[in-house]
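Step one of this worksheet: look at the structure below.
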Amino acid sequence: MDDNAARDVSLGTVYRALANDTRRLILDLLRDPHAHFDHQQYRGLGLSLEDGVCVQDIQKATKISQSVASTYLKSLQDAGFLTSYREGRWTYYRRDEKAIRTIADRIGQSL
């Protein structure tokens with residue numbers, strides 16, 4: 001998400017995404033994926049955790065169903081916190097740190 005898109009997301013969407021403990025946990029887990037996910041598994045596939053973590057691994061780490069994990073990840077992406085890409089049948093998510101800084105600045109200015 002570019003800066004303009006991060007500025008265009010409504011703060012209501014941002015606050016709703018942050019209002020759920022599990023969605024905040026997902027953001028925390030993705031802050032340092034090497035501490036929370038098996039980087040050897042990704043390396044064996046020719047992937048890197050810096051590029052993203054698959055929905056299935058996030059679902060396992062948070063102990064929620066895959067459908068709920070997908071819904072939560074979509075909510076976080078719509079709010080501007082995450083980016084994703086597809087590789088075959090898998091979708092990988094990672095934090096968008098630049099957008100997160102922009103959103104944090106907007107929240108600070110609104111309070």
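Numbering starts fresh at 1 for the residues of each chain in the structure tokens, the chains themselves are lettered A, B, ... in the order given, and ligands are numbered from 1 as they appear.
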Contacts of A:Tyr15 at 10 Å (only C-alpha atoms; same-chain gap of 4+ positions) as an mmCIF file with N, CA and C atoms, in the first residue's frame:
data_model
loop_
_atom_site.group_PDB
_atom_site.id
_atom_site.type_symbol
_atom_site.label_atom_id
_atom_site.label_comp_id
_atom_site.auth_asym_id
_atom_site.auth_seq_id
_atom_site.Cartn_x
_atom_site.Cartn_y
_atom_site.Cartn_z
ATOM 1 N N SER A 10 -10.130 4.762 5.927
ATOM 2 C CA SER A 10 -10.811 5.456 7.019
ATOM 3 C C SER A 10 -10.265 4.978 8.356
ATOM 4 N N LEU A 11 -10.188 5.898 9.314
ATOM 5 C CA LEU A 11 -9.721 5.513 10.646
ATOM 6 C C LEU A 11 -10.687 4.535 11.296
ATOM 7 N N ALA A 19 -9.434 -3.620 16.908
ATOM 8 C CA ALA A 19 -10.309 -3.861 18.060
ATOM 9 C C ALA A 19 -10.346 -5.322 18.494
ATOM 10 N N ASN A 20 -9.716 -6.194 17.741
ATOM 11 C CA ASN A 20 -9.766 -7.630 18.018
ATOM 12 C C ASN A 20 -8.399 -8.120 18.495
ATOM 13 N N ALA A 79 -7.291 -2.563 6.074
ATOM 14 C CA ALA A 79 -6.948 -1.427 6.926
ATOM 15 C C ALA A 79 -5.560 -0.877 6.609
ATOM 16 N N ILE A 107 -3.308 8.421 13.238
ATOM 17 C CA ILE A 107 -3.984 8.216 14.523
ATOM 18 C C ILE A 107 -3.510 9.268 15.517
#
If you take only C-alpha atoms and a cut-off of 7 Å, which residues of stretch 48-99 of chain A touch stretch 27-33 of chain A, and what are their nearest atom pairs and distances in Å to one decimal, in chain and number order, as JSON lines?
{"residue": "A:Leu49", "atom": "CA", "partner": "A:Pro33", "partner_atom": "CA", "distance": 6.2}
{"residue": "A:Arg94", "atom": "CA", "partner": "A:Leu30", "partner_atom": "CA", "distance": 6.2}
{"residue": "A:Arg95", "atom": "CA", "partner": "A:Leu30", "partner_atom": "CA", "distance": 6.3}
Please indicate the distance in Å from atom CA of A:Ala69 to atom CA of A:Val55, rounded to one decimal place.
6.8 Å
Hey, what does DSSP flag as alpha helix (DSSP H) within chain A? Can you give it to me as number ranges by chain?
A: 3-8, 11-18, 21-31, 33-36, 39-44, 55-62, 66-78, 97-110
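From atom CA of A:Ser70 back to atom CA of A:Gly88, the distance works out to 16.4 Å.
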